[in-house]
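> To be precise about what I am sending: the file is called work.tsv and holds TSV, C-alpha atoms and all ligand atoms.
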```tsv
chain	number	residue	atom	x	y	z
I	1	VAL	CA	-75.15	-28.46	224.08
I	2	TRP	CA	-74.83	-30.76	221.10
I	3	LEU	CA	-78.28	-32.26	221.65
I	4	THR	CA	-79.97	-28.89	221.92
I	5	THR	CA	-78.13	-27.20	219.04
I	6	ASP	CA	-80.11	-26.73	215.83
I	7	PHE	CA	-78.96	-28.42	212.60
I	8	GLU	CA	-76.68	-25.97	210.86
I	9	GLY	CA	-77.53	-27.05	207.27
I	10	GLY	CA	-75.19	-25.56	204.67
I	11	ARG	CA	-72.19	-27.77	203.87
I	12	HIS	CA	-73.60	-30.55	206.08
I	13	ILE	CA	-76.62	-31.13	203.80
I	14	PRO	CA	-74.70	-32.96	201.01
I	15	ARG	CA	-72.82	-34.95	203.67
I	16	LEU	CA	-76.05	-36.11	205.26
I	17	ALA	CA	-77.50	-36.97	201.84
I	18	MET	CA	-74.42	-39.15	201.17
I	19	LEU	CA	-75.30	-41.21	204.22
I	20	ASP	CA	-78.57	-42.24	202.58
I	21	LEU	CA	-76.66	-44.33	200.04
I	22	PRO	CA	-75.26	-47.04	202.37
I	23	ALA	CA	-78.85	-47.50	203.59
I	24	GLN	CA	-79.98	-48.20	200.01
I	25	GLU	CA	-76.98	-50.43	199.35
I	26	SER	CA	-78.02	-52.56	202.25
I	27	TRP	CA	-81.37	-53.19	200.48
I	28	ASP	CA	-79.34	-54.84	197.80
I	29	ASP	CA	-76.14	-56.88	197.45
I	30	ALA	CA	-73.56	-55.13	199.56
I	31	GLY	CA	-70.66	-53.97	197.44
I	32	ARG	CA	-72.63	-54.05	194.19
I	33	LEU	CA	-72.03	-50.40	193.41
I	34	ALA	CA	-68.26	-50.73	193.69
I	35	SER	CA	-68.32	-53.47	191.04
I	36	LEU	CA	-70.07	-51.22	188.47
I	37	ASP	CA	-68.15	-49.21	185.89
I	38	ARG	CA	-69.49	-45.74	186.63
I	39	SER	CA	-66.65	-43.85	184.94
I	40	SER	CA	-68.65	-42.61	181.96
I	41	LEU	CA	-71.65	-41.39	183.93
I	42	GLN	CA	-72.08	-37.71	184.73
I	43	MET	CA	-74.42	-35.71	186.93
I	44	GLY	CA	-76.62	-32.83	185.86
I	45	VAL	CA	-79.43	-30.74	187.30
I	46	SER	CA	-82.50	-29.21	185.69
I	47	LEU	CA	-82.87	-25.41	185.86
I	48	SER	CA	-85.00	-22.71	184.29
I	49	PRO	CA	-84.51	-19.00	183.54
I	50	GLU	CA	-88.19	-18.37	184.30
I	51	SER	CA	-90.35	-19.34	187.22
I	52	SER	CA	-92.78	-21.97	186.02
I	53	ILE	CA	-95.89	-23.82	187.03
I	54	PHE	CA	-93.85	-26.92	186.14
I	55	GLY	CA	-92.69	-27.82	189.65
I	56	PRO	CA	-89.50	-29.91	189.49
I	57	LEU	CA	-87.02	-27.14	188.69
I	58	ILE	CA	-84.46	-25.75	191.10
I	59	TYR	CA	-83.73	-22.00	191.17
I	60	ALA	CA	-86.47	-21.41	188.58
I	61	GLY	CA	-86.23	-17.73	187.65
I	62	ASN	CA	-82.70	-17.52	189.12
I	63	LEU	CA	-80.71	-19.25	186.43
I	64	LYS	CA	-77.40	-17.50	187.13
I	65	ILE	CA	-77.45	-18.56	190.77
I	66	GLY	CA	-78.54	-22.05	189.76
I	67	ILE	CA	-75.67	-22.44	187.30
I	68	GLU	CA	-73.10	-21.12	189.76
I	69	MET	CA	-74.39	-23.38	192.54
I	70	ALA	CA	-74.40	-26.39	190.19
I	71	ALA	CA	-70.75	-25.78	189.32
I	72	ARG	CA	-69.80	-25.24	192.97
I	73	LEU	CA	-71.51	-28.45	194.07
I	74	GLY	CA	-69.70	-30.56	191.46
I	75	PHE	CA	-72.36	-31.11	188.80
I	76	ASP	CA	-71.02	-31.75	185.29
I	77	GLY	CA	-73.90	-30.17	183.45
I	78	VAL	CA	-77.30	-28.54	183.46
I	79	GLU	CA	-80.57	-29.07	181.65
I	80	LEU	CA	-82.46	-25.93	180.68
I	81	SER	CA	-86.24	-25.97	180.82
I	82	LEU	CA	-87.25	-23.23	178.40
I	83	ARG	CA	-90.41	-21.64	177.09
I	84	ASP	CA	-89.61	-19.52	174.01
I	85	PRO	CA	-85.96	-19.32	172.88
I	86	ASP	CA	-86.74	-15.93	171.26
I	87	THR	CA	-87.10	-14.38	174.70
I	88	LEU	CA	-83.59	-15.48	175.74
I	89	ASP	CA	-80.22	-13.78	175.62
I	90	VAL	CA	-78.65	-16.86	174.03
I	91	LYS	CA	-75.11	-15.44	173.83
I	92	GLY	CA	-75.17	-14.43	177.49
I	93	LEU	CA	-76.57	-17.80	178.47
I	94	HIS	CA	-73.96	-19.67	176.47
I	95	LYS	CA	-71.17	-17.63	178.02
I	96	LEU	CA	-72.53	-18.07	181.53
I	97	ILE	CA	-72.57	-21.84	181.12
I	98	GLN	CA	-69.20	-22.00	179.41
I	99	ASP	CA	-67.55	-19.82	182.06
I	100	THR	CA	-68.48	-22.36	184.71
I	101	GLY	CA	-67.17	-25.29	182.65
I	102	LEU	CA	-70.59	-26.98	182.70
I	103	LYS	CA	-72.18	-28.78	179.76
I	104	THR	CA	-75.72	-28.15	178.60
I	105	ALA	CA	-77.06	-31.66	178.65
I	106	ALA	CA	-80.52	-31.02	177.25
I	107	ILE	CA	-83.26	-28.54	176.51
I	108	ALA	CA	-86.64	-29.36	178.01
I	109	THR	CA	-89.61	-28.00	176.11
I	110	GLY	CA	-92.76	-28.73	178.16
I	111	GLN	CA	-93.20	-25.10	179.22
I	112	SER	CA	-94.51	-24.24	175.73
I	113	CYS	CA	-97.52	-26.47	176.40
I	114	LEU	CA	-97.97	-25.51	180.04
I	115	HIS	CA	-97.61	-21.75	179.62
I	116	ASP	CA	-98.48	-20.97	176.01
I	117	GLY	CA	-100.92	-23.76	175.16
I	118	LEU	CA	-98.58	-24.95	172.40
I	119	CYS	CA	-98.85	-28.73	172.66
I	120	LEU	CA	-98.12	-31.39	170.03
I	121	LEU	CA	-101.47	-33.07	170.77
I	122	SER	CA	-103.54	-29.89	170.78
I	123	ALA	CA	-107.12	-30.20	169.46
I	124	GLU	CA	-106.47	-27.30	167.07
I	125	ALA	CA	-104.39	-28.00	163.96
I	126	ASP	CA	-103.05	-24.44	163.98
I	127	LYS	CA	-101.76	-24.82	167.55
I	128	ARG	CA	-100.08	-28.09	166.61
I	129	LYS	CA	-98.35	-26.35	163.70
I	130	GLN	CA	-97.19	-23.50	165.95
I	131	THR	CA	-95.88	-26.06	168.44
I	132	LEU	CA	-93.72	-27.67	165.76
I	133	GLU	CA	-92.35	-24.22	164.81
I	134	ARG	CA	-91.58	-23.52	168.49
I	135	LEU	CA	-89.78	-26.86	168.78
I	136	ARG	CA	-87.74	-26.16	165.67
I	137	LYS	CA	-86.46	-23.01	167.41
I	138	HIS	CA	-85.57	-25.11	170.45
I	139	LEU	CA	-83.79	-27.52	168.13
I	140	ARG	CA	-81.60	-24.80	166.64
I	141	LEU	CA	-80.75	-23.62	170.15
I	142	ALA	CA	-79.92	-27.20	171.15
I	143	GLU	CA	-77.49	-27.34	168.24
I	144	LYS	CA	-75.76	-24.14	169.43
I	145	LEU	CA	-75.50	-25.41	173.00
I	146	GLY	CA	-74.55	-28.99	172.08
I	147	ALA	CA	-77.62	-30.29	173.91
I	148	HIS	CA	-80.22	-33.01	173.42
I	149	LEU	CA	-83.80	-31.92	172.72
I	150	ILE	CA	-86.51	-33.42	174.94
I	151	VAL	CA	-90.01	-34.16	173.64
I	152	GLY	CA	-91.89	-34.75	176.88
I	153	GLY	CA	-94.49	-32.50	178.48
I	154	VAL	CA	-94.85	-30.60	175.20
I	155	ARG	CA	-97.05	-33.48	174.00
I	156	GLY	CA	-99.94	-32.39	176.23
I	157	ARG	CA	-103.04	-34.61	175.97
I	158	SER	CA	-105.10	-35.86	173.08
I	159	SER	CA	-108.79	-35.07	173.43
I	160	GLY	CA	-112.19	-35.51	171.79
I	161	ASN	CA	-113.62	-38.63	170.14
I	162	PRO	CA	-111.39	-41.57	169.08
I	163	SER	CA	-110.94	-40.37	165.51
I	164	GLN	CA	-110.04	-36.83	166.66
I	165	GLN	CA	-107.52	-38.32	169.08
I	166	GLN	CA	-106.11	-40.47	166.29
I	167	GLU	CA	-105.68	-37.37	164.14
I	168	GLN	CA	-103.88	-35.52	166.95
I	169	LYS	CA	-101.54	-38.46	167.52
I	170	ALA	CA	-100.82	-38.84	163.80
I	171	SER	CA	-100.04	-35.13	163.64
I	172	MET	CA	-97.64	-35.47	166.57
I	173	ASN	CA	-95.95	-38.46	164.93
I	174	GLU	CA	-95.41	-36.38	161.80
I	175	ALA	CA	-94.01	-33.49	163.83
I	176	VAL	CA	-91.56	-35.78	165.63
I	177	ALA	CA	-90.48	-37.29	162.31
I	178	VAL	CA	-89.73	-33.76	161.02
I	179	LEU	CA	-87.78	-32.93	164.19
I	180	ALA	CA	-85.88	-36.19	164.04
I	181	ALA	CA	-84.84	-35.57	160.43
I	182	GLU	CA	-83.75	-32.00	161.22
I	183	GLY	CA	-82.04	-33.18	164.41
I	184	ARG	CA	-80.08	-35.69	162.40
I	185	SER	CA	-78.76	-33.03	160.02
I	186	LEU	CA	-77.92	-30.67	162.90
I	187	GLY	CA	-76.35	-33.40	165.05
I	188	VAL	CA	-78.94	-33.04	167.83
I	189	THR	CA	-80.37	-36.13	169.50
I	190	ILE	CA	-84.12	-36.01	170.06
I	191	VAL	CA	-85.14	-37.82	173.23
I	192	ILE	CA	-88.73	-38.91	173.89
I	193	GLU	CA	-89.81	-38.89	177.54
I	194	PRO	CA	-92.42	-41.38	178.73
I	195	ILE	CA	-94.55	-39.43	181.22
I	196	ASN	CA	-97.04	-40.68	183.79
I	197	ARG	CA	-100.76	-40.94	183.05
I	198	TYR	CA	-101.71	-37.91	185.16
I	199	GLU	CA	-99.79	-35.59	182.81
I	200	THR	CA	-100.32	-37.12	179.36
I	201	ASN	CA	-102.28	-39.89	177.65
I	202	TYR	CA	-99.72	-40.58	174.91
I	203	ILE	CA	-96.50	-42.50	175.75
I	204	ASN	CA	-96.69	-43.31	179.47
I	205	THR	CA	-94.33	-46.27	179.71
I	206	ILE	CA	-90.91	-47.25	178.43
I	207	ASP	CA	-92.57	-49.83	176.17
I	208	ASP	CA	-94.90	-47.11	174.78
I	209	GLY	CA	-91.78	-45.08	174.04
I	210	LEU	CA	-90.04	-48.00	172.33
I	211	ALA	CA	-93.15	-48.72	170.24
I	212	PHE	CA	-93.40	-45.03	169.29
I	213	ILE	CA	-89.78	-44.95	168.09
I	214	GLU	CA	-90.38	-48.14	166.13
I	215	GLU	CA	-93.42	-46.54	164.48
I	216	ILE	CA	-91.57	-43.36	163.53
I	217	GLY	CA	-88.77	-45.56	162.24
I	218	ASP	CA	-85.94	-43.14	162.94
I	219	THR	CA	-82.93	-45.02	164.26
I	220	GLU	CA	-81.50	-41.91	165.93
I	221	LEU	CA	-84.52	-41.26	168.17
I	222	LYS	CA	-83.87	-42.11	171.82
I	223	LEU	CA	-85.69	-42.22	175.14
I	224	VAL	CA	-85.25	-40.23	178.32
I	225	PRO	CA	-86.55	-42.44	181.11
I	226	ASP	CA	-87.50	-40.47	184.24
I	227	THR	CA	-87.49	-42.50	187.46
I	228	PHE	CA	-90.37	-40.42	188.89
I	229	HIS	CA	-92.67	-41.40	186.02
I	230	MET	CA	-91.28	-44.95	185.96
I	231	ASN	CA	-92.12	-45.42	189.63
I	232	ILE	CA	-95.76	-44.75	188.71
I	233	GLU	CA	-95.98	-46.61	185.40
I	234	GLU	CA	-93.45	-49.47	185.22
I	235	GLY	CA	-93.94	-52.92	186.64
I	236	ASP	CA	-90.22	-53.29	187.29
I	237	MET	CA	-88.06	-50.25	186.73
I	238	THR	CA	-84.83	-52.19	186.32
I	239	ASP	CA	-86.29	-54.63	183.77
I	240	SER	CA	-87.66	-51.70	181.76
I	241	LEU	CA	-84.31	-49.93	181.69
I	242	VAL	CA	-82.50	-53.05	180.56
I	243	ARG	CA	-85.18	-53.60	177.89
I	244	ALA	CA	-84.71	-50.02	176.65
I	245	GLY	CA	-80.96	-50.74	176.36
I	246	SER	CA	-79.23	-48.68	173.69
I	247	ARG	CA	-82.42	-46.65	173.17
I	248	ILE	CA	-81.67	-44.76	176.38
I	249	GLY	CA	-80.30	-41.43	175.20
I	250	TYR	CA	-80.50	-39.44	178.41
I	251	MET	CA	-81.77	-39.92	181.94
I	252	HIS	CA	-83.86	-38.06	184.53
I	253	PHE	CA	-83.54	-38.94	188.22
I	254	ALA	CA	-86.09	-38.00	190.86
I	255	ASP	CA	-87.17	-40.08	193.81
I	256	SER	CA	-90.68	-41.50	194.28
I	257	ASN	CA	-91.82	-38.19	195.80
I	258	ARG	CA	-90.06	-36.14	193.10
I	259	ARG	CA	-87.47	-34.99	195.59
I	260	PRO	CA	-83.76	-35.71	194.96
I	261	ALA	CA	-82.65	-39.34	194.77
I	262	GLY	CA	-82.24	-40.64	198.30
I	263	GLN	CA	-85.18	-38.68	199.71
I	264	GLY	CA	-87.93	-41.17	198.77
I	265	HIS	CA	-88.23	-44.93	198.43
I	266	THR	CA	-86.77	-45.69	195.00
I	267	ASN	CA	-83.72	-47.97	195.10
I	268	PHE	CA	-81.14	-46.08	193.06
I	269	VAL	CA	-78.48	-48.74	193.48
I	270	GLN	CA	-80.68	-51.06	191.44
I	271	VAL	CA	-81.55	-48.29	188.99
I	272	LEU	CA	-77.89	-47.48	188.44
I	273	ALA	CA	-76.97	-51.13	188.01
I	274	ALA	CA	-79.71	-51.44	185.37
I	275	LEU	CA	-78.45	-48.33	183.55
I	276	VAL	CA	-74.93	-49.71	183.46
I	277	THR	CA	-76.25	-53.08	182.25
I	278	ALA	CA	-78.22	-51.22	179.56
I	279	GLY	CA	-74.89	-49.72	178.44
I	280	TYR	CA	-75.90	-46.13	179.21
I	281	ARG	CA	-73.12	-43.56	179.25
I	282	GLY	CA	-73.71	-39.88	179.74
I	283	MET	CA	-75.57	-37.43	181.91
I	284	ILE	CA	-78.01	-38.34	184.67
I	285	THR	CA	-79.98	-35.21	185.45
I	286	SER	CA	-81.77	-34.53	188.72
I	287	GLU	CA	-85.12	-33.01	187.81
I	288	VAL	CA	-86.53	-32.45	191.26
I	289	LEU	CA	-88.87	-30.33	193.32
I	290	PRO	CA	-87.22	-27.42	195.13
I	291	LEU	CA	-88.24	-28.79	198.53
I	292	PRO	CA	-87.84	-27.71	201.24
I	293	ASP	CA	-85.99	-24.99	199.29
I	294	ASP	CA	-83.67	-24.61	196.28
I	295	ASP	CA	-80.41	-24.71	198.25
I	296	THR	CA	-81.30	-27.85	200.18
I	297	ALA	CA	-82.68	-29.73	197.18
I	298	MET	CA	-79.64	-29.03	195.04
I	299	ALA	CA	-77.23	-29.91	197.83
I	300	GLN	CA	-79.08	-33.17	198.52
I	301	ALA	CA	-79.05	-34.08	194.83
I	302	ALA	CA	-75.32	-33.32	194.63
I	303	GLY	CA	-74.42	-35.29	197.74
I	304	PHE	CA	-76.37	-38.41	196.83
I	305	MET	CA	-75.33	-38.41	193.18
I	306	LYS	CA	-71.66	-38.00	194.03
I	307	ALA	CA	-71.86	-40.98	196.34
I	308	LEU	CA	-73.83	-43.01	193.79
I	309	LEU	CA	-71.31	-42.26	191.03
I	310	GLY	CA	-68.40	-43.05	193.37
I	311	ARG	CA	-66.81	-39.61	193.34
A	1	LIG	C1	-90.32	-33.38	182.18
A	1	LIG	O1	-89.02	-33.82	182.16
A	1	LIG	C2	-91.17	-34.25	183.01
A	1	LIG	O2	-90.69	-35.08	183.71
A	1	LIG	C3	-92.64	-34.09	182.95
A	1	LIG	O3	-93.19	-34.23	184.21
A	1	LIG	C4	-93.08	-32.88	182.21
A	1	LIG	O4	-94.45	-32.74	182.22
A	2	MN	MN	-88.57	-35.67	183.45
```
Please rewrite the model in this file as structure tokens.
Ligand code: LER
Ligand code: MN

Amino acid sequence: VWLTTDFEGGRHIPRLAMLDLPAQESWDDAGRLASLDRSSLQMGVSLSPESSIFGPLIYAGNLKIGIEMAARLGFDGVELSLRDPDTLDVKGLHKLIQDTGLKTAAIATGQSCLHDGLCLLSAEADKRKQTLERLRKHLRLAEKLGAHLIVGGVRGRSSGNPSQQQEQKASMNEAVAVLAAEGRSLGVTIVIEPINRYETNYINTIDDGLAFIEEIGDTELKLVPDTFHMNIEEGDMTDSLVRAGSRIGYMHFADSNRRPAGQGHTNFVQVLAALVTAGYRGMITSEVLPLPDDDTAMAQAAGFMKALLGR
């Protein structure tokens, strides 16, 4: 009967996902995780109030369910991937999150570029200006929610001849400098996300991100490394994280296939050890594809992350 009975799913999904961790530990020094101080690390998950062509969001368009599920599964916080803050019931959203005891770790802003063509590297100066205005609205919302502001997919791609591309990049640098200065006065940390070459042509690697921050010259600017992009772009993910050190301001986890950690071939024991060595404290957010479905993906992320953080 046992052999012919279908897998029940449900509460067994996080338990099964937990079993993936000992397999990864065995790739590495056994017992290494237990020796790491994981007490100041937290787990978050990326959600969106709207369905989006940006794939790695769970319960996109069903934010209330997503927030309730995140709380039930033991997440500490959520990241909100948003398009235009003006279309949101901010009070309701704030209350919904507060009622569950979750934190809002960050606001992700790439949907402005994907859905509205508002990208920091747009070929049209007017679009670039509108993008900065959109991001300033996101920044004010981030202040209200106590969240970081992510500058990632909203960069888009530079285009045209080399001097046009230079102009677009210079314009983006100026926009980020404005955001950084405003973020500083509002107490919001701006985090720059290196993104793989198939999505942008400006800031692909951790070193690109570090050089960018150096160029802007704002000491408060930080990075949000994303293990999915790192798996594509970095020579050695752990070396890169250690090199980024105190510049890591936030963290995205997704496995090599952009499914939850544990479902691909990235070694998260090594990644976590590098983060601890880098001195990172704070939220690690699962930004993952809703595969095979929202419920399963969130439960897998919860199960693996709990095991990884030693809960
Ligand atoms: C956003 O966090 C991200 O990882 C990018 O793929 C957005 O384009
Ligand atoms: Mn990301």
> I'd like to know which of I:Thr277, I:Gln98, I:Gln270, I:Gly217 is closest to Ala244 of chain I, using all atoms listed in the file.
I:Thr277
> Please provide as JSON, numbers by chain all residues within 10 Å of Met283 of chain I, with the sequence filter that same-chain residues fewer than 6 positions apart are discarded (counting all atoms listed in the file).
{"I": [40, 41, 42, 43, 44, 45, 75, 76, 77, 78, 79, 103, 104, 105, 106, 249, 250, 251, 252]}
> Could you state the separation of atom CA of Gly61 of chain I and atom CA of Thr200 of chain I in Å, given to one decimal place?
25.4 Å
> Skip segment 5-16 of chain I itself and residues of its chain fewer than 6 positions away, then list as a PyMOL selection string all residues within 10 Å of it, counting all atoms listed in the file.
chain I and resi 73+295-307
> Given the selection you just returned, output its residues as a file containing C-alpha atoms, formatted as a PDB file, in the coordinates of the input.

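Writing done, so here's result-v8.pdb:
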```pdb
ATOM      1  CA  LEU I  73     -71.510 -28.450 194.070  1.00  0.00           C
ATOM      2  CA  ASP I 295     -80.410 -24.710 198.250  1.00  0.00           C
ATOM      3  CA  THR I 296     -81.300 -27.850 200.180  1.00  0.00           C
ATOM      4  CA  ALA I 297     -82.680 -29.730 197.180  1.00  0.00           C
ATOM      5  CA  MET I 298     -79.640 -29.030 195.040  1.00  0.00           C
ATOM      6  CA  ALA I 299     -77.230 -29.910 197.830  1.00  0.00           C
ATOM      7  CA  GLN I 300     -79.080 -33.170 198.520  1.00  0.00           C
ATOM      8  CA  ALA I 301     -79.050 -34.080 194.830  1.00  0.00           C
ATOM      9  CA  ALA I 302     -75.320 -33.320 194.630  1.00  0.00           C
ATOM     10  CA  GLY I 303     -74.420 -35.290 197.740  1.00  0.00           C
ATOM     11  CA  PHE I 304     -76.370 -38.410 196.830  1.00  0.00           C
ATOM     12  CA  MET I 305     -75.330 -38.410 193.180  1.00  0.00           C
ATOM     13  CA  LYS I 306     -71.660 -38.000 194.030  1.00  0.00           C
ATOM     14  CA  ALA I 307     -71.860 -40.980 196.340  1.00  0.00           C
TER      15      ALA I 307
END
```
> What do you get as an MDAnalysis selection string if you pick all residues at most 8 Å from ligand LIG 1 (chain A), counting only C-alpha atoms and all ligand atoms?
chainID I and resid 54 56 108 110 150 152:154 193 195:196 199:200 226 228:229 252 287
> Between I:Gly31, I:Pro225, I:Gly156, I:Gly146, single out the one closest to ligand MN 2 (chain A), counting all atoms listed in the file.
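Ranking I:Gly31, I:Pro225, I:Gly156, I:Gly146 by distance to ligand MN 2 (chain A), first place goes to I:Pro225.
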> Would you kindly identify which residues have an atom no farther than 10 Å from (-81.4, -53.0, 178.2), using all atoms listed in the file and the file's own coordinates, and write them out as a list in words?
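Output: Thr238, Asp239, Ser240, Leu241, Val242, Arg243, Ala244, Gly245, Ser246, Arg247, Ile248, Ala274, Leu275, Val276, Thr277, Ala278, Gly279 and Tyr280 of chain I.
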> In Å, how far is it from atom CA of Leu80 of chain I to atom CA of Leu47 of chain I?
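Computing the Euclidean distance for atom CA of Leu80 of chain I and atom CA of Leu47 of chain I yields 5.2 Å.
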> Go ahead and compute the interatomic distance for atom CA of Asp126 of chain I and atom CA of Val151 of chain I, in Å to one decimal.
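Separation of atom CA of Asp126 of chain I and atom CA of Val151 of chain I: 18.9 Å.
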> Just want the 8 Å neighbourhood of Thr205 of chain I, counted on all atoms listed in the file, with same-chain residues fewer than 4 positions away dropped. Output as a PyMOL selection string.
chain I and resi 194-196+209+230+233-234
> How would you write as an MDAnalysis selection string the residues that get within 10 Å of (-98.5, -31.8, 168.1) in the file's frame, counting all atoms listed in the file?
chainID I and resid 113 118:132 154:158 167:176
> Nearest to ligand MN 2 (chain A): which of I:Phe212, I:Tyr198, I:Trp2, I:Phe253 is it, counting only C-alpha atoms and all ligand atoms?
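Of the candidates, the smallest distance to ligand MN 2 (chain A) is held by I:Phe253.
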> Using all atoms listed in the file, which of I:Arg136, I:Arg184, I:Arg258, I:Arg197 sits nearest ligand MN 2 (chain A)?
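Among the listed residues, the smallest separation from ligand MN 2 (chain A) belongs to I:Arg258.
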> So, counting all atoms listed in the file, which residue among I:Ala70, I:Leu57, I:Leu309, I:Ala23 is closest to ligand MN 2 (chain A)?
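Once distances to ligand MN 2 (chain A) are computed over all atoms listed in the file, the minimum belongs to I:Leu57.
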> Looking at I:Pro22, I:Gly55, I:Pro49, I:Pro162, which one is nearest to ligand MN 2 (chain A), with distances taken over all atoms listed in the file?
I:Gly55
> Find the smallest box with edges along x, y and z containing every listed atom of segment 264-272 of chain I, then add 6 Å on each side and report centre and edge lengths in Å to one decimal, as JSON.

```
{"center_x": -83.1, "center_y": -46.1, "center_z": 193.6, "size_x": 22.3, "size_y": 21.9, "size_z": 22.3}
```
> Do a neighbour search on Asp86 of chain I at 12 Å with all atoms listed in the file, toss out local chain neighbours closer than 4 positions, and write the hits as a short mmCIF file (atom, residue, chain, number, x, y, z; two decimals) with C-alpha atoms, in the frame of the given file.

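Dumped to result_27.cif:
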```
data_model
loop_
_atom_site.label_atom_id
_atom_site.label_comp_id
_atom_site.auth_asym_id
_atom_site.auth_seq_id
_atom_site.Cartn_x
_atom_site.Cartn_y
_atom_site.Cartn_z
CA LEU I 82 -87.25 -23.23 178.40
CA VAL I 90 -78.65 -16.86 174.03
CA LYS I 91 -75.11 -15.44 173.83
CA GLU I 133 -92.35 -24.22 164.81
CA ARG I 134 -91.58 -23.52 168.49
CA LEU I 135 -89.78 -26.86 168.78
CA ARG I 136 -87.74 -26.16 165.67
CA LYS I 137 -86.46 -23.01 167.41
CA HIS I 138 -85.57 -25.11 170.45
CA ARG I 140 -81.60 -24.80 166.64
CA LEU I 141 -80.75 -23.62 170.15
#
```
> Might you pull out every residue within 9 Å of Leu308 of chain I, with only C-alpha atoms counted and same-chain residues fewer than 3 positions away left off, and present them as a ChimeraX atom specification?
/I:18,21,33,38,268-269,272,303-305,311
